[in-house]
>>> print(open('input_27.txt').read())   # compact mmCIF, C-alpha atoms and all ligand atoms
# COMPACT_ATOMS: atom_id res chain seq x y z
CA MET I 1 4.89 22.98 -36.29
CA ALA I 2 4.20 20.30 -33.70
CA ASP I 3 0.92 20.64 -31.91
CA SER I 4 1.41 20.13 -28.18
CA HIS I 5 -2.13 18.77 -27.95
CA ALA I 6 -1.52 16.09 -30.56
CA PRO I 7 -2.09 12.47 -29.49
CA PRO I 8 0.98 10.52 -28.35
CA PRO I 9 3.12 9.08 -31.13
CA ALA I 10 2.19 5.69 -32.53
CA THR I 11 5.10 4.05 -30.68
CA ALA I 12 2.88 4.01 -27.58
CA ASP I 13 0.61 1.62 -29.47
CA LEU I 14 3.40 -0.42 -31.01
CA PHE I 15 5.12 -1.19 -27.72
CA GLY I 16 2.17 -0.98 -25.36
CA SER I 17 1.79 1.39 -22.48
CA PRO I 18 3.66 0.53 -19.25
CA ASP I 19 0.28 -0.53 -17.82
CA GLU I 20 0.21 -3.44 -20.24
CA GLU I 21 3.58 -4.80 -19.18
CA ALA I 22 3.33 -8.46 -18.18
CA PRO I 23 3.89 -8.82 -14.42
CA TRP I 24 6.98 -10.54 -13.03
CA ASP I 25 8.21 -11.65 -9.60
CA GLU I 26 11.21 -10.19 -7.81
CA PRO I 27 12.09 -12.07 -4.61
CA ILE I 28 13.78 -9.70 -2.16
CA ALA I 29 14.23 -11.79 1.01
CA PRO I 30 13.12 -15.18 2.35
CA GLY I 31 9.31 -15.01 2.38
CA ALA I 32 9.27 -11.59 0.68
CA VAL I 33 8.61 -10.82 -2.97
CA LEU I 34 7.72 -7.85 -5.14
CA LEU I 35 5.03 -8.75 -7.66
CA ARG I 36 5.98 -6.21 -10.26
CA ARG I 37 2.99 -4.55 -12.05
CA TYR I 38 0.70 -7.24 -10.63
CA ALA I 39 -2.16 -4.77 -9.95
CA CYS I 40 -1.83 -2.60 -13.08
CA SER I 41 -4.69 -4.14 -14.98
CA ARG I 42 -7.02 -3.58 -12.00
CA ALA I 43 -5.75 -0.17 -10.90
CA ALA I 44 -8.77 1.80 -12.06
CA GLU I 45 -11.13 -0.48 -10.17
CA LEU I 46 -8.96 -0.28 -7.05
CA LEU I 47 -8.80 3.51 -7.16
CA ALA I 48 -12.57 3.76 -7.61
CA ALA I 49 -12.96 1.58 -4.52
CA VAL I 50 -10.54 3.79 -2.58
CA LYS I 51 -12.53 6.85 -3.57
CA ALA I 52 -15.75 5.27 -2.33
CA VAL I 53 -14.13 4.31 0.98
CA ALA I 54 -12.71 7.81 1.44
CA ALA I 55 -16.15 9.35 0.83
CA ASP I 56 -17.34 7.49 3.94
CA ALA I 57 -14.18 7.51 6.01
CA PRO I 58 -12.03 10.47 4.92
CA PHE I 59 -8.23 10.46 4.88
CA ARG I 60 -6.77 12.04 7.99
CA HIS I 61 -3.34 12.61 9.51
CA LEU I 62 -3.08 10.51 12.65
CA ILE I 63 -1.07 11.54 15.70
CA THR I 64 1.62 9.17 16.94
CA PRO I 65 1.73 8.15 20.61
CA GLY I 66 4.67 10.57 20.87
CA GLY I 67 2.49 13.45 19.66
CA GLN I 68 3.78 13.79 16.07
CA ARG I 69 1.37 14.34 13.18
CA MET I 70 2.02 11.65 10.57
CA SER I 71 2.88 13.01 7.11
CA VAL I 72 0.95 10.18 5.44
CA ALA I 73 -2.85 10.56 5.50
CA MET I 74 -4.73 7.36 6.31
CA THR I 75 -8.09 5.67 6.27
CA ASN I 76 -9.26 2.06 6.45
CA CYS I 77 -11.79 -0.39 5.19
CA GLY I 78 -12.66 -3.85 6.43
CA ASP I 79 -13.76 -5.27 9.76
CA GLN I 80 -10.79 -3.69 11.49
CA GLY I 81 -8.93 -0.43 10.93
CA TRP I 82 -5.49 0.59 12.12
CA ILE I 83 -5.26 3.80 14.08
CA SER I 84 -2.76 5.74 16.11
CA ASP I 85 -3.32 8.38 18.74
CA ARG I 86 -1.86 9.52 22.04
CA ARG I 87 -2.95 6.23 23.57
CA GLY I 88 -1.01 4.06 21.14
CA TYR I 89 -1.29 2.03 17.95
CA ARG I 90 -4.16 -0.41 17.61
CA TYR I 91 -6.91 -1.92 15.52
CA GLY I 92 -10.54 -1.05 16.05
CA ALA I 93 -13.85 -1.78 14.36
CA GLU I 94 -14.95 1.86 14.31
CA ASP I 95 -13.71 5.00 12.65
CA PRO I 96 -13.00 7.33 15.58
CA LEU I 97 -13.97 10.31 13.39
CA SER I 98 -17.54 9.13 12.87
CA GLY I 99 -18.04 6.48 15.53
CA LYS I 100 -19.34 4.22 12.73
CA PRO I 101 -17.84 0.91 11.57
CA TRP I 102 -15.14 1.27 8.93
CA PRO I 103 -16.51 0.87 5.38
CA ALA I 104 -16.69 -2.75 4.27
CA MET I 105 -13.72 -4.03 2.31
CA PRO I 106 -14.75 -3.94 -1.37
CA ASP I 107 -14.62 -7.38 -2.99
CA SER I 108 -12.27 -6.13 -5.68
CA LEU I 109 -9.69 -5.31 -3.00
CA ALA I 110 -10.10 -8.47 -0.95
CA ARG I 111 -9.88 -10.62 -4.07
CA LEU I 112 -6.71 -9.02 -5.35
CA ALA I 113 -5.04 -9.27 -1.93
CA ARG I 114 -5.93 -12.94 -1.71
CA GLU I 115 -4.68 -13.67 -5.22
CA ALA I 116 -1.43 -11.79 -4.67
CA ALA I 117 -0.79 -13.63 -1.42
CA ALA I 118 -1.46 -17.00 -3.08
CA HIS I 119 0.83 -16.06 -5.96
CA ALA I 120 3.55 -15.33 -3.39
CA GLY I 121 3.02 -18.71 -1.72
CA TYR I 122 0.59 -17.76 1.06
CA ALA I 123 -2.66 -19.66 0.45
CA ASP I 124 -6.03 -18.61 1.89
CA PHE I 125 -5.08 -15.10 2.96
CA ALA I 126 -8.20 -13.56 4.51
CA PRO I 127 -7.41 -9.99 5.58
CA GLN I 128 -9.66 -8.25 8.10
CA ALA I 129 -8.03 -4.88 7.64
CA CYS I 130 -7.05 -2.72 4.71
CA LEU I 131 -5.11 0.39 5.70
CA ILE I 132 -5.09 2.98 2.93
CA ASN I 133 -2.14 5.36 2.94
CA LEU I 134 -2.16 8.58 0.94
CA TYR I 135 1.25 10.13 0.28
CA ARG I 136 1.74 13.64 -1.07
CA PRO I 137 5.22 14.79 -2.09
CA GLY I 138 7.42 14.93 1.00
CA ALA I 139 5.35 12.39 2.95
CA ARG I 140 7.25 9.42 4.33
CA LEU I 141 6.92 6.45 6.61
CA THR I 142 9.88 5.87 8.89
CA LEU I 143 11.23 2.36 9.46
CA HIS I 144 8.82 0.24 11.46
CA GLN I 145 7.57 -3.30 11.92
CA ASP I 146 3.93 -4.29 11.38
CA ARG I 147 3.41 -5.99 14.70
CA ASP I 148 0.05 -4.84 16.00
CA GLU I 149 -1.52 -8.00 14.57
CA LEU I 150 -2.22 -10.98 16.83
CA ASP I 151 -1.74 -13.49 14.02
CA LEU I 152 1.75 -13.21 12.57
CA SER I 153 1.39 -16.36 10.46
CA ALA I 154 -0.37 -14.39 7.71
CA PRO I 155 1.66 -12.17 5.35
CA ILE I 156 1.34 -8.46 4.65
CA VAL I 157 0.11 -7.57 1.16
CA SER I 158 0.81 -4.02 0.05
CA ILE I 159 -0.30 -2.47 -3.25
CA SER I 160 1.27 0.67 -4.71
CA LEU I 161 -0.69 3.01 -6.99
CA GLY I 162 0.22 6.35 -8.52
CA LEU I 163 3.51 8.14 -7.99
CA PRO I 164 6.63 6.01 -7.54
CA ALA I 165 8.21 5.61 -4.14
CA THR I 166 11.33 4.11 -2.60
CA PHE I 167 10.58 1.12 -0.38
CA LEU I 168 13.06 0.60 2.42
CA PHE I 169 13.26 -3.06 3.37
CA GLY I 170 15.51 -4.02 6.22
CA GLY I 171 15.96 -6.99 8.49
CA LEU I 172 14.54 -8.09 11.80
CA GLN I 173 16.63 -5.59 13.75
CA ARG I 174 16.06 -1.87 13.50
CA ALA I 175 19.81 -1.40 13.08
CA ASP I 176 19.93 -3.62 9.96
CA ARG I 177 20.60 -1.30 7.06
CA PRO I 178 17.54 -1.35 4.78
CA ARG I 179 17.85 -2.02 1.09
CA ARG I 180 16.06 0.35 -1.27
CA PHE I 181 13.58 -0.82 -3.91
CA PRO I 182 11.61 1.38 -6.27
CA LEU I 183 7.87 0.76 -6.10
CA VAL I 184 5.79 1.96 -9.02
CA HIS I 185 2.13 1.99 -10.02
CA GLY I 186 0.72 -1.53 -9.85
CA ASP I 187 3.54 -3.14 -7.88
CA VAL I 188 2.50 -5.41 -5.01
CA ALA I 189 4.81 -6.27 -2.13
CA VAL I 190 4.13 -9.42 -0.11
CA TRP I 191 6.14 -10.30 2.98
CA GLY I 192 5.57 -13.02 5.54
CA GLY I 193 7.15 -16.09 7.06
CA PRO I 194 10.75 -15.33 8.05
CA SER I 195 10.31 -11.72 6.82
CA ARG I 196 6.99 -11.03 8.52
CA LEU I 197 8.55 -8.73 11.12
CA ALA I 198 11.07 -7.11 8.78
CA PHE I 199 11.58 -3.39 9.34
CA HIS I 200 10.31 -1.38 6.39
CA GLY I 201 9.39 2.15 5.41
CA ILE I 202 8.95 4.62 2.58
CA ALA I 203 11.47 7.36 1.77
CA PRO I 204 10.09 10.90 1.36
CA LEU I 205 7.88 10.94 -1.75
CA ARG I 206 9.32 12.92 -4.61
CA ASP I 207 7.39 15.57 -6.51
CA GLY I 208 5.52 14.37 -9.54
CA VAL I 209 2.20 13.84 -11.21
CA HIS I 210 0.80 10.44 -12.14
CA PRO I 211 -2.01 10.02 -14.67
CA ALA I 212 -3.98 7.76 -12.32
CA THR I 213 -3.63 9.67 -9.03
CA GLY I 214 -2.29 13.16 -9.74
CA ALA I 215 0.33 14.42 -7.29
CA SER I 216 0.01 11.49 -4.92
CA ARG I 217 0.72 7.88 -4.16
CA VAL I 218 -1.91 5.54 -2.76
CA ASN I 219 -0.87 2.42 -0.86
CA LEU I 220 -3.23 -0.32 0.27
CA THR I 221 -1.92 -2.58 3.02
CA PHE I 222 -3.86 -5.72 3.84
CA ARG I 223 -3.48 -7.53 7.11
CA LYS I 224 -4.95 -10.37 9.05
CA THR I 225 -5.22 -8.81 12.47
CA ARG I 226 -6.15 -11.79 14.64
C1 LIG T 301 3.13 0.49 5.37
O1 LIG T 301 4.20 0.07 5.78
O2 LIG T 301 2.08 0.43 6.06
C2 LIG T 301 2.98 1.10 4.00
C3 LIG T 301 4.11 0.84 3.06
C4 LIG T 301 3.88 1.55 1.75
O3 LIG T 301 3.33 2.66 1.72
O4 LIG T 301 4.27 0.99 0.70
FE FE2 T 302 4.12 -1.17 7.53
>>> encode(input="input_27.txt", output="structure tokens")
Amino acid sequence: MADSHAPPPATADLFGSPDEEAPWDEPIAPGAVLLRRYACSRAAELLAAVKAVAADAPFRHLITPGGQRMSVAMTNCGDQGWISDRRGYRYGAEDPLSGKPWPAMPDSLARLAREAAAHAGYADFAPQACLINLYRPGARLTLHQDRDELDLSAPIVSISLGLPATFLFGGLQRADRPRRFPLVHGDVAVWGGPSRLAFHGIAPLRDGVHPATGASRVNLTFRKTR
């Protein structure tokens, strides 16, 4: 009888695990590209860095200016962190929970963001902010533009880890119907130039368990704020 605790069949070795898939580029709009599986080989290091950041600056559910509790839990690292409260959306150097500066951006994160941006055609990307989004099943991010940054010449670099999600990527008008792209563990989205202010969002996360993150998805979004 088959033992349910037996190791996976040898085919996993013959064909490689999905984590060993060679990355490829998928352009989705002018100035926007999905770097498929780009971060897979460094996922463990990235998640360890996220854990260290969250030990200092815990994930929390921010309140929108309209008074809604966001379903995505957030924290930040870097010189600047993105926050929302009754007073609005903004960047700040301190974690309002502790009054201390946000944890420094780990080199592993900054390096990957810079390399991904360069790969996508944006040289010398030097992000000051890394927003870390934690999605549990059901969490979502409604369509929005990233426009709290003073310097819109730099792209957005966004890394997906853990459970898969559906990325909604629209146009420059809120009314433009967004296209839907699956984002899986290790995918990196980069958008800038003519797509810098594209509306985007994440559809409600579906139930699941991922070996790297459990029942969650972690997203790291790097931005040059000024
Ligand atoms: C964001 O728009 O800030 C995050 C997008 C994502 O979670 O992939
Ligand atoms: Fe965004």
>>> closest_residue(input="input_27.txt", among="I:Ser216, I:Ser160, I:Ser71, I:Thr64", to="I:Arg90", atoms="only C-alpha atoms")
I:Thr64
>>> closest_residue(input="input_27.txt", among="I:Ile156, I:Arg42, I:Asn76, I:Gly99", to="I:Arg114", atoms="all atoms listed in the file")
I:Ile156
>>> residues_near_ligand(input="input_27.txt", ligand="ligand LIG 301 (chain T)", cutoff="9 Å", atoms="all atoms listed in the file", output="PyMOL selection string")
chain I and resi 72+131-135+140-146+158-160+165-168+183+188-189+199-202+217-222
>>> write_last_selection(input="input_27.txt", atoms="C-alpha atoms", output="PDB file, keeping the file's coordinate frame")
ATOM      1  CA  VAL I  72       0.950  10.180   5.440  1.00  0.00           C
ATOM      2  CA  LEU I 131      -5.110   0.390   5.700  1.00  0.00           C
ATOM      3  CA  ILE I 132      -5.090   2.980   2.930  1.00  0.00           C
ATOM      4  CA  ASN I 133      -2.140   5.360   2.940  1.00  0.00           C
ATOM      5  CA  LEU I 134      -2.160   8.580   0.940  1.00  0.00           C
ATOM      6  CA  TYR I 135       1.250  10.130   0.280  1.00  0.00           C
ATOM      7  CA  ARG I 140       7.250   9.420   4.330  1.00  0.00           C
ATOM      8  CA  LEU I 141       6.920   6.450   6.610  1.00  0.00           C
ATOM      9  CA  THR I 142       9.880   5.870   8.890  1.00  0.00           C
ATOM     10  CA  LEU I 143      11.230   2.360   9.460  1.00  0.00           C
ATOM     11  CA  HIS I 144       8.820   0.240  11.460  1.00  0.00           C
ATOM     12  CA  GLN I 145       7.570  -3.300  11.920  1.00  0.00           C
ATOM     13  CA  ASP I 146       3.930  -4.290  11.380  1.00  0.00           C
ATOM     14  CA  SER I 158       0.810  -4.020   0.050  1.00  0.00           C
ATOM     15  CA  ILE I 159      -0.300  -2.470  -3.250  1.00  0.00           C
ATOM     16  CA  SER I 160       1.270   0.670  -4.710  1.00  0.00           C
ATOM     17  CA  ALA I 165       8.210   5.610  -4.140  1.00  0.00           C
ATOM     18  CA  THR I 166      11.330   4.110  -2.600  1.00  0.00           C
ATOM     19  CA  PHE I 167      10.580   1.120  -0.380  1.00  0.00           C
ATOM     20  CA  LEU I 168      13.060   0.600   2.420  1.00  0.00           C
ATOM     21  CA  LEU I 183       7.870   0.760  -6.100  1.00  0.00           C
ATOM     22  CA  VAL I 188       2.500  -5.410  -5.010  1.00  0.00           C
ATOM     23  CA  ALA I 189       4.810  -6.270  -2.130  1.00  0.00           C
ATOM     24  CA  PHE I 199      11.580  -3.390   9.340  1.00  0.00           C
ATOM     25  CA  HIS I 200      10.310  -1.380   6.390  1.00  0.00           C
ATOM     26  CA  GLY I 201       9.390   2.150   5.410  1.00  0.00           C
ATOM     27  CA  ILE I 202       8.950   4.620   2.580  1.00  0.00           C
ATOM     28  CA  ARG I 217       0.720   7.880  -4.160  1.00  0.00           C
ATOM     29  CA  VAL I 218      -1.910   5.540  -2.760  1.00  0.00           C
ATOM     30  CA  ASN I 219      -0.870   2.420  -0.860  1.00  0.00           C
ATOM     31  CA  LEU I 220      -3.230  -0.320   0.270  1.00  0.00           C
ATOM     32  CA  THR I 221      -1.920  -2.580   3.020  1.00  0.00           C
ATOM     33  CA  PHE I 222      -3.860  -5.720   3.840  1.00  0.00           C
TER      34      PHE I 222
END
>>> atom_distance(input="input_27.txt", atom1="atom CA of I:Pro30", atom2="atom CA of I:Leu197")
11.8 Å
>>> closest_residue(input="input_27.txt", among="I:Cys77, I:Leu112, I:Leu97, I:Ala120", to="I:Lys51", atoms="only C-alpha atoms")
I:Cys77
>>> atom_distance(input="input_27.txt", atom1="atom CA of I:Ala139", atom2="atom CA of I:Pro27")
26.5 Å
>>> closest_residue(input="input_27.txt", among="I:Arg147, I:Arg136, I:His61, I:Arg174", to="ligand FE2 302 (chain T)", atoms="all atoms listed in the file")
I:Arg147
>>> atom_distance(input="input_27.txt", atom1="atom CA of I:Lys100", atom2="atom CA of I:Arg87")
19.8 Å
>>> residues_near_point(input="input_27.txt", point="(2.9, -8.5, 5.2)", cutoff="7 Å", atoms="all atoms listed in the file", output="PDB file with C-alpha atoms, in the coordinates of the input")
ATOM      1  CA  PRO I 155       1.660 -12.170   5.350  1.00  0.00           C
ATOM      2  CA  ILE I 156       1.340  -8.460   4.650  1.00  0.00           C
ATOM      3  CA  VAL I 157       0.110  -7.570   1.160  1.00  0.00           C
ATOM      4  CA  VAL I 190       4.130  -9.420  -0.110  1.00  0.00           C
ATOM      5  CA  TRP I 191       6.140 -10.300   2.980  1.00  0.00           C
ATOM      6  CA  GLY I 192       5.570 -13.020   5.540  1.00  0.00           C
ATOM      7  CA  ARG I 196       6.990 -11.030   8.520  1.00  0.00           C
ATOM      8  CA  ARG I 223      -3.480  -7.530   7.110  1.00  0.00           C
TER       9      ARG I 223
END
>>> closest_residue(input="input_27.txt", among="I:Leu34, I:Cys130, I:Ala113, I:Ala29", to="I:Gln80", atoms="all atoms listed in the file")
I:Cys130
